[in-house]
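Only one structure is covered here, and it is reproduced in the block below.
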Amino acid sequence: MSSSTKKDAWGTRVGIILAVTGSAVGLGNFLRFPGQAAQYGGGAFLIPYLVAFLIIGLPLAWLEWGLGRYGGARGHNSAPGIFRSLIGRPSGSYLGMLGTVMPVMIYMYYVFVEAWCLAYAWDYLTGTFTAFGGDSGAITAHFLSSTGAAADGSMFGREAGRMFVFLSICFGLNFFLIYRGIHKGIEGFCNVAMPLLFLCAVVVLVRVLTLPANPVNPEQNIINGLGYMWNPVKEGSTLWQTLSRSEVWLAATGQIFFSLSLGFGLILTYASYLKEDDDVALSSLTSVSGNGFAEVVLGGMIAIPAAFVFLGPAVVQSPPGTFGMGFITLPNVFNLMPGGAFFGFLFFFLLFLAAVTSSISMLQPAIALLEEGLGLTRKPAVAILGFITLAGCLFIVYFSKDFAALDTVDFWMANFFIFIFATAQTIVFGWVLGVNKGFEELKRGAEITLPESLKFVIKYISPSFLLIVFAVWCYQELPGRLKAIVTLPEEGPPIVLMSVGLILLVLAFFTLVVARANQKWSKEEKAS
């Protein structure tokens, strides 16, 4: 039994549901999902999306809640400790270490994007975007200046210095909340932020759905905009042609992972603070349902339909990337919309709230490991993690040209390692712990009846689907990424190689922490 057992815990059932939903609801719901859906067939995209949800998303959410509570009942709140108890050997903790490293690395760039959202909300509130009017060039220039995408080191210049104010606010808020702990910090913030987030989203959605038709092009109206987003068949292609493309299935599966925060180790840690008989079945279902509502209903009906009304079908047919959609296209839309300054502020403020509820969840897994693995109290654990994440964040902020450092870290953490860890969790639940024992864990305290077919899905279908998707994805994506690491640029520093070096440094640090934690846990096991 770990010496740090149950020093902190959730206060209410609603609190844990809102916190887990908050960890899932983020930028991916309101920016990434609309762009992915529009790019990969609109309504047709929902078919692989729902398939991935049913055989990967919901089962994996259930088993992560179950595995987390199982580990918490045995005194572990960190992914390495939980995997050690599940596998029964110290080597298991090194596999679980991915559930600590991934959130830490993702936080390093996610908090930077979080600062963009806060800055844009402030800019709408103070009239900066109003002054741009319909000048799309000025909006693009503002994006490049605010994000440093034009040149490495540009964020450290005098003109971009204001962004460090917003970055400092975001960093300070995240670590203030994480220092206050599970109940007073994370739960207390999510209890306020999540209802406010949904309120802002509903207000913006109502405004979008009541937009008049474009006076110049009456065909550009909200009904046709929704049609472009959700019609299952696009002009020039059939439904079967869309569904036969492997990249559509890859994108849908990746969106489920990204959206539900599955495979990162976040839910493992959150669920470990539950009591032994707390419900995980209904709570898990409630949290993923809340995330789905935010993504499909709110996110899917705001960005693309509004862009269609004001900017036309070209934007919908070839949507920009997540950043382009959120920080260039949508500001153009709000600047053309009556009352756009107010609704632009609301939209970016809700993005900021969504980002904070996600980013604080990324810090807790590492805090849990430092506390239970090294025996640290909250204050030094927060200080150590603050130093590590600040150094990594400044690296990403400095090498910001074309988001090269950000993209590299995102690829290896949120695309590559997430598949490995998610597959490992599924195999551990179905084959190591045993699907029958795991199912009994899920049913204990459950307020809904879980279908017996879930055993077959978790043991056979989910890992098979994950392995197939991962193999296809590696075949398509991995060779180019590996080549980028070893190909040195003719001018400038090798940013991709340096970014991989940053990942290896963080991996090395947490490997040492886990090695020390294993020594501590072994002594505690012998003593008991």
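Lettering and numbering for the structure tokens are positional, with chains as A, B, ... in the shown order, residues counted from 1 in each chain, and ligands counted from 1 in the shown order.
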Neighbouring residues of region 143-158 of chain A were defined as those with any atom within 8 Å, considering only C-alpha atoms; residues of the same chain fewer than 2 positions away were excluded. Please report them as a PyMOL selection string. chain A and resi 116+139-141+160-161+163+327-328+397-403
Selection: 12 Å around Thr329 (chain A), only C-alpha atoms, excl. self and same-chain fewer than 6 positions, as an NGL selection string: :A and (31 or 35 or 134-137 or 139-140 or 143 or 303-304 or 306-308 or 310-312 or 314-316 or 319-323 or 335-336 or 344)
Looking at only C-alpha atoms, which of A:Phe258, A:Trp249, A:Phe132, A:Tyr40 is the one that sits closest to Glu295 (chain A)? A:Phe258
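Using only C-alpha atoms, the smallest distance between any of A:Arg481, A:His142, A:Arg180, A:Arg516 and Thr408 (chain A) comes from A:Arg481.
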Coordinates-based distance that separates CA of Ala73 (chain A) from CA of Phe439 (chain A) (Å, one decimal):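 So the answer is 16.1 Å.
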Length of the CA of Gly127 (chain A) to CA of Val25 (chain A) vector [Å]: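 Between these atoms lies a distance of 28.0 Å.
For the set A:Val165, A:Leu197, A:Ala381, A:Val192, the residue with the smallest atom-to-atom gap to Tyr179 (chain A) is A:Ala381, counting only C-alpha atoms.
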